[in-house]
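Below is one structure, written out as structure tokens; comments come after it.
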Amino acid sequence: MRLKLDENPPRRLKTMLSGLDHDVTTAEDEKALSQPDAVIAAAAKAEQRMLITLDVESGDLRKHPPGSHPGIILFRPKSLGLLNAAHVVEEFVRRSDLASLTGCVVVAEPSRVRVRRPQ
């Protein structure tokens with residue numbers, strides 16, 4: 001799966017996700033740190049990469065309707081500490097079929113996962 005890590009997920013996730021045979025780039029790789037969310041989302045879309053983020057704005061269905069992009073996974077861990085966030089993302093990726101989430105907006109919280117699919 002082609003993935004893009006926003007600037008807020010822990011950077012060590014690139015190595016972990018690549019180790020699971022995903023093609024991963026980061027906002028940092030592309031010198032896009034501190035860029036507006038719209039810029040990061042547009043880059044992910046142009047590159048046909050699913051966006052992995054901790055940024056609530058990225059889950060806004062009005063700005064990013066399902067089907068208008070390769071997919072967005074918004075993680076909402078209980079704690080935004082780097083180790084906790086990395087663990088939450090890693091567990092989700094390991095137990096999920098990311099290909100089935102193409103075009104979706106996913107909000108992954110500790111107690112539930114909400115998936116908004118294209119119409």
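Identifiers in the structure tokens: chain A, B, ... in order shown; residue index from 1 per chain; ligand index from 1 in order shown.
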
12 Å contact set for Met16 in chain A, only C-alpha atoms, chain neighbours under 3 positions out, as a short mmCIF file (atom, residue, chain, number, x, y, z; two decimals) with C-alpha atoms, in the first residue's frame:
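Writing done, so here's out_31.cif:
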data_model
loop_
_atom_site.label_atom_id
_atom_site.label_comp_id
_atom_site.auth_asym_id
_atom_site.auth_seq_id
_atom_site.Cartn_x
_atom_site.Cartn_y
_atom_site.Cartn_z
CA LEU A 5 2.69 10.02 7.08
CA PRO A 10 6.00 9.42 15.17
CA ARG A 11 8.73 9.27 12.54
CA ARG A 12 9.73 5.74 13.52
CA LEU A 13 6.48 4.57 11.92
CA GLY A 19 8.95 -3.33 7.16
CA LEU A 20 5.36 -4.46 6.57
CA ASP A 21 5.90 -3.98 2.81
CA HIS A 22 4.19 -0.61 2.52
CA ASP A 23 5.62 2.15 0.30
CA VAL A 24 5.89 5.05 2.76
CA ALA A 86 3.16 4.66 17.40
CA HIS A 87 1.68 1.61 19.14
CA VAL A 89 -0.97 3.05 14.50
CA GLU A 90 1.13 -0.12 14.35
CA GLU A 91 -1.60 -2.30 15.87
CA VAL A 93 -2.09 -1.43 10.43
CA ARG A 94 -1.15 -4.96 11.46
#

Would you list the contacts of range 50-56 of chain A as an NGL selection string, taking every protein, DNA or RNA residue within 9 Å and counting only C-alpha atoms, but skipping same-chain residues closer than 5 positions in sequence? :A and (1-9 or 37 or 40-41 or 44-45 or 69-77 or 80 or 85 or 89 or 98 or 101-103)

Writing out the chosen residues with C-alpha atoms as a PDB file, in the first residue's frame:
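Ended up saving to result14.pdb:
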ATOM      1  CA  MET A   1       0.000   0.000   0.000  1.00  0.00           C
ATOM      2  CA  ARG A   2       1.209   3.527  -0.764  1.00  0.00           C
ATOM      3  CA  LEU A   3       1.111   5.607   2.427  1.00  0.00           C
ATOM      4  CA  LYS A   4       2.004   9.144   3.461  1.00  0.00           C
ATOM      5  CA  LEU A   5       2.694  10.024   7.078  1.00  0.00           C
ATOM      6  CA  ASP A   6       1.641  13.514   8.074  1.00  0.00           C
ATOM      7  CA  GLU A   7       4.118  15.416  10.229  1.00  0.00           C
ATOM      8  CA  ASN A   8       2.456  14.519  13.544  1.00  0.00           C
ATOM      9  CA  PRO A   9       2.720  10.698  13.693  1.00  0.00           C
ATOM     10  CA  ASP A  37      -3.205  20.388   6.130  1.00  0.00           C
ATOM     11  CA  ILE A  40      -0.324  17.663   2.777  1.00  0.00           C
ATOM     12  CA  ALA A  41      -3.680  16.177   1.742  1.00  0.00           C
ATOM     13  CA  ALA A  44      -1.050  12.559  -0.743  1.00  0.00           C
ATOM     14  CA  LYS A  45      -3.834  12.653  -3.319  1.00  0.00           C
ATOM     15  CA  HIS A  69      -8.809  10.870  -2.277  1.00  0.00           C
ATOM     16  CA  PRO A  70      -6.903   7.583  -1.845  1.00  0.00           C
ATOM     17  CA  GLY A  71      -7.925   7.389   1.817  1.00  0.00           C
ATOM     18  CA  ILE A  72      -7.349   9.123   5.136  1.00  0.00           C
ATOM     19  CA  ILE A  73      -6.815   7.383   8.453  1.00  0.00           C
ATOM     20  CA  LEU A  74      -7.126   9.716  11.422  1.00  0.00           C
ATOM     21  CA  PHE A  75      -5.828   8.231  14.654  1.00  0.00           C
ATOM     22  CA  ARG A  76      -7.252   9.494  17.948  1.00  0.00           C
ATOM     23  CA  PRO A  77      -5.206   7.736  20.670  1.00  0.00           C
ATOM     24  CA  LEU A  80      -0.571  11.762  22.008  1.00  0.00           C
ATOM     25  CA  ALA A  85       0.653   6.954  19.108  1.00  0.00           C
ATOM     26  CA  VAL A  89      -0.966   3.046  14.497  1.00  0.00           C
ATOM     27  CA  LEU A  98      -5.672  -1.189   4.264  1.00  0.00           C
ATOM     28  CA  LEU A 101     -10.085   1.282   3.108  1.00  0.00           C
ATOM     29  CA  THR A 102      -9.115   2.906  -0.202  1.00  0.00           C
ATOM     30  CA  GLY A 103     -11.066   6.133  -0.672  1.00  0.00           C
TER      31      GLY A 103
END

From a backbone DSSP assignment, name each residue in chain A labelled strand (DSSP E or B), as a compact mmCIF listing (two decimals) with N, CA and C atoms, in the first residue's frame.
# COMPACT_ATOMS: atom_id res chain seq x y z
N ARG A 2 0.48 2.26 -0.72
CA ARG A 2 1.21 3.53 -0.76
C ARG A 2 0.65 4.43 0.34
N LEU A 3 1.52 4.82 1.27
CA LEU A 3 1.11 5.61 2.43
C LEU A 3 1.92 6.89 2.53
N LYS A 4 1.30 7.91 3.12
CA LYS A 4 2.00 9.14 3.46
C LYS A 4 1.73 9.42 4.93
N LEU A 5 2.82 9.64 5.68
CA LEU A 5 2.69 10.02 7.08
C LEU A 5 2.70 11.54 7.17
N ASP A 23 4.79 1.11 0.91
CA ASP A 23 5.62 2.15 0.30
C ASP A 23 5.27 3.44 1.04
N VAL A 24 6.21 3.95 1.84
CA VAL A 24 5.89 5.05 2.76
C VAL A 24 6.76 6.27 2.48
N THR A 25 6.11 7.43 2.41
CA THR A 25 6.81 8.71 2.41
C THR A 25 6.26 9.52 3.57
N THR A 26 6.99 10.57 3.93
CA THR A 26 6.55 11.42 5.03
C THR A 26 6.54 12.87 4.60
N MET A 50 -2.44 6.88 0.68
CA MET A 50 -3.34 6.99 1.81
C MET A 50 -2.62 7.81 2.89
N LEU A 51 -3.32 8.79 3.45
CA LEU A 51 -2.74 9.68 4.45
C LEU A 51 -2.98 9.13 5.86
N ILE A 52 -1.93 9.06 6.65
CA ILE A 52 -2.01 8.67 8.06
C ILE A 52 -1.69 9.90 8.88
N THR A 53 -2.61 10.27 9.77
CA THR A 53 -2.47 11.52 10.49
C THR A 53 -3.05 11.44 11.90
N ILE A 72 -7.90 8.40 3.99
CA ILE A 72 -7.35 9.12 5.14
C ILE A 72 -7.65 8.30 6.37
N ILE A 73 -6.62 8.05 7.17
CA ILE A 73 -6.82 7.38 8.45
C ILE A 73 -6.38 8.36 9.53
N LEU A 74 -7.35 8.80 10.31
CA LEU A 74 -7.13 9.72 11.42
C LEU A 74 -7.09 8.90 12.71
N PHE A 75 -5.97 8.95 13.39
CA PHE A 75 -5.83 8.23 14.65
C PHE A 75 -6.09 9.18 15.81
N VAL A 105 -12.63 7.60 4.67
CA VAL A 105 -12.14 8.39 5.79
C VAL A 105 -12.37 7.53 7.02
N VAL A 106 -11.28 7.21 7.69
CA VAL A 106 -11.32 6.33 8.86
C VAL A 106 -10.90 7.12 10.08
N VAL A 107 -11.68 7.00 11.15
CA VAL A 107 -11.31 7.59 12.43
C VAL A 107 -11.12 6.43 13.39
N ALA A 108 -9.86 6.21 13.79
CA ALA A 108 -9.52 5.09 14.68
C ALA A 108 -9.31 5.62 16.09
N VAL A 113 -13.72 2.10 15.74
CA VAL A 113 -13.20 2.57 14.45
C VAL A 113 -14.41 2.92 13.60
N ARG A 114 -14.42 4.16 13.12
CA ARG A 114 -15.50 4.61 12.24
C ARG A 114 -14.96 4.70 10.83
N VAL A 115 -15.69 4.12 9.88
CA VAL A 115 -15.27 4.13 8.48
C VAL A 115 -16.37 4.77 7.66
N ARG A 116 -16.01 5.82 6.95
CA ARG A 116 -16.93 6.46 6.01
C ARG A 116 -16.47 6.07 4.62

Could you pull out all residues of range 27-105 of chain A with a DSSP call of alpha helix (DSSP H) and give them as an mmCIF file with N, CA and C atoms, in the first residue's frame?
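What ended up in out_27.cif:
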data_model
loop_
_atom_site.group_PDB
_atom_site.id
_atom_site.type_symbol
_atom_site.label_atom_id
_atom_site.label_comp_id
_atom_site.auth_asym_id
_atom_site.auth_seq_id
_atom_site.Cartn_x
_atom_site.Cartn_y
_atom_site.Cartn_z
ATOM 1 N N ASP A 37 -2.654 21.734 6.330
ATOM 2 C CA ASP A 37 -3.205 20.388 6.130
ATOM 3 C C ASP A 37 -3.642 20.168 4.688
ATOM 4 N N ALA A 38 -4.190 21.192 4.075
ATOM 5 C CA ALA A 38 -4.659 21.064 2.690
ATOM 6 C C ALA A 38 -3.507 20.737 1.742
ATOM 7 N N VAL A 39 -2.334 21.280 2.011
ATOM 8 C CA VAL A 39 -1.163 21.016 1.168
ATOM 9 C C VAL A 39 -0.739 19.551 1.305
ATOM 10 N N ILE A 40 -0.708 19.060 2.536
ATOM 11 C CA ILE A 40 -0.324 17.663 2.777
ATOM 12 C C ILE A 40 -1.349 16.726 2.143
ATOM 13 N N ALA A 41 -2.621 17.016 2.316
ATOM 14 C CA ALA A 41 -3.680 16.177 1.742
ATOM 15 C C ALA A 41 -3.608 16.184 0.214
ATOM 16 N N ALA A 42 -3.354 17.334 -0.374
ATOM 17 C CA ALA A 42 -3.244 17.426 -1.832
ATOM 18 C C ALA A 42 -2.044 16.625 -2.340
ATOM 19 N N ALA A 43 -0.934 16.684 -1.611
ATOM 20 C CA ALA A 43 0.251 15.908 -2.004
ATOM 21 C C ALA A 43 -0.040 14.413 -1.933
ATOM 22 N N ALA A 44 -0.694 13.977 -0.874
ATOM 23 C CA ALA A 44 -1.050 12.559 -0.743
ATOM 24 C C ALA A 44 -1.957 12.129 -1.896
ATOM 25 N N LYS A 45 -2.912 12.963 -2.224
ATOM 26 C CA LYS A 45 -3.834 12.653 -3.319
ATOM 27 C C LYS A 45 -3.082 12.586 -4.645
ATOM 28 N N ALA A 46 -2.233 13.560 -4.920
ATOM 29 C CA ALA A 46 -1.482 13.591 -6.177
ATOM 30 C C ALA A 46 -0.570 12.375 -6.319
ATOM 31 N N LEU A 82 4.492 9.943 21.925
ATOM 32 C CA LEU A 82 5.031 9.280 20.739
ATOM 33 C C LEU A 82 4.934 7.765 20.807
ATOM 34 N N LEU A 83 5.250 7.173 21.940
ATOM 35 C CA LEU A 83 5.188 5.712 22.033
ATOM 36 C C LEU A 83 3.762 5.200 21.921
ATOM 37 N N ASN A 84 2.830 5.863 22.579
ATOM 38 C CA ASN A 84 1.436 5.440 22.507
ATOM 39 C C ASN A 84 0.897 5.591 21.094
ATOM 40 N N ALA A 85 1.148 6.724 20.474
ATOM 41 C CA ALA A 85 0.653 6.954 19.108
ATOM 42 C C ALA A 85 1.247 5.924 18.150
ATOM 43 N N ALA A 86 2.531 5.651 18.274
ATOM 44 C CA ALA A 86 3.163 4.661 17.399
ATOM 45 C C ALA A 86 2.543 3.287 17.596
ATOM 46 N N HIS A 87 2.290 2.917 18.840
ATOM 47 C CA HIS A 87 1.684 1.614 19.140
ATOM 48 C C HIS A 87 0.279 1.512 18.532
ATOM 49 N N VAL A 88 -0.514 2.553 18.676
ATOM 50 C CA VAL A 88 -1.882 2.542 18.160
ATOM 51 C C VAL A 88 -1.870 2.380 16.638
ATOM 52 N N VAL A 89 -1.038 3.141 15.958
ATOM 53 C CA VAL A 89 -0.966 3.046 14.497
ATOM 54 C C VAL A 89 -0.472 1.662 14.081
ATOM 55 N N GLU A 90 0.575 1.188 14.711
ATOM 56 C CA GLU A 90 1.130 -0.116 14.351
ATOM 57 C C GLU A 90 0.107 -1.233 14.521
ATOM 58 N N GLU A 91 -0.592 -1.257 15.641
ATOM 59 C CA GLU A 91 -1.602 -2.298 15.873
ATOM 60 C C GLU A 91 -2.719 -2.236 14.833
ATOM 61 N N PHE A 92 -3.173 -1.037 14.517
ATOM 62 C CA PHE A 92 -4.236 -0.892 13.522
ATOM 63 C C PHE A 92 -3.783 -1.417 12.166
ATOM 64 N N VAL A 93 -2.597 -1.020 11.737
ATOM 65 C CA VAL A 93 -2.091 -1.431 10.425
ATOM 66 C C VAL A 93 -1.894 -2.939 10.377
ATOM 67 N N ARG A 94 -1.388 -3.511 11.431
ATOM 68 C CA ARG A 94 -1.152 -4.962 11.456
ATOM 69 C C ARG A 94 -2.451 -5.762 11.363
ATOM 70 N N ARG A 95 -3.536 -5.252 11.931
ATOM 71 C CA ARG A 95 -4.781 -6.036 11.941
ATOM 72 C C ARG A 95 -5.794 -5.608 10.887
#

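In this comparison, which uses only C-alpha atoms, the residue of A:Lys14, A:Ser79, A:Cys104, A:Glu28 approaching Ser58 in chain A most closely is A:Cys104.
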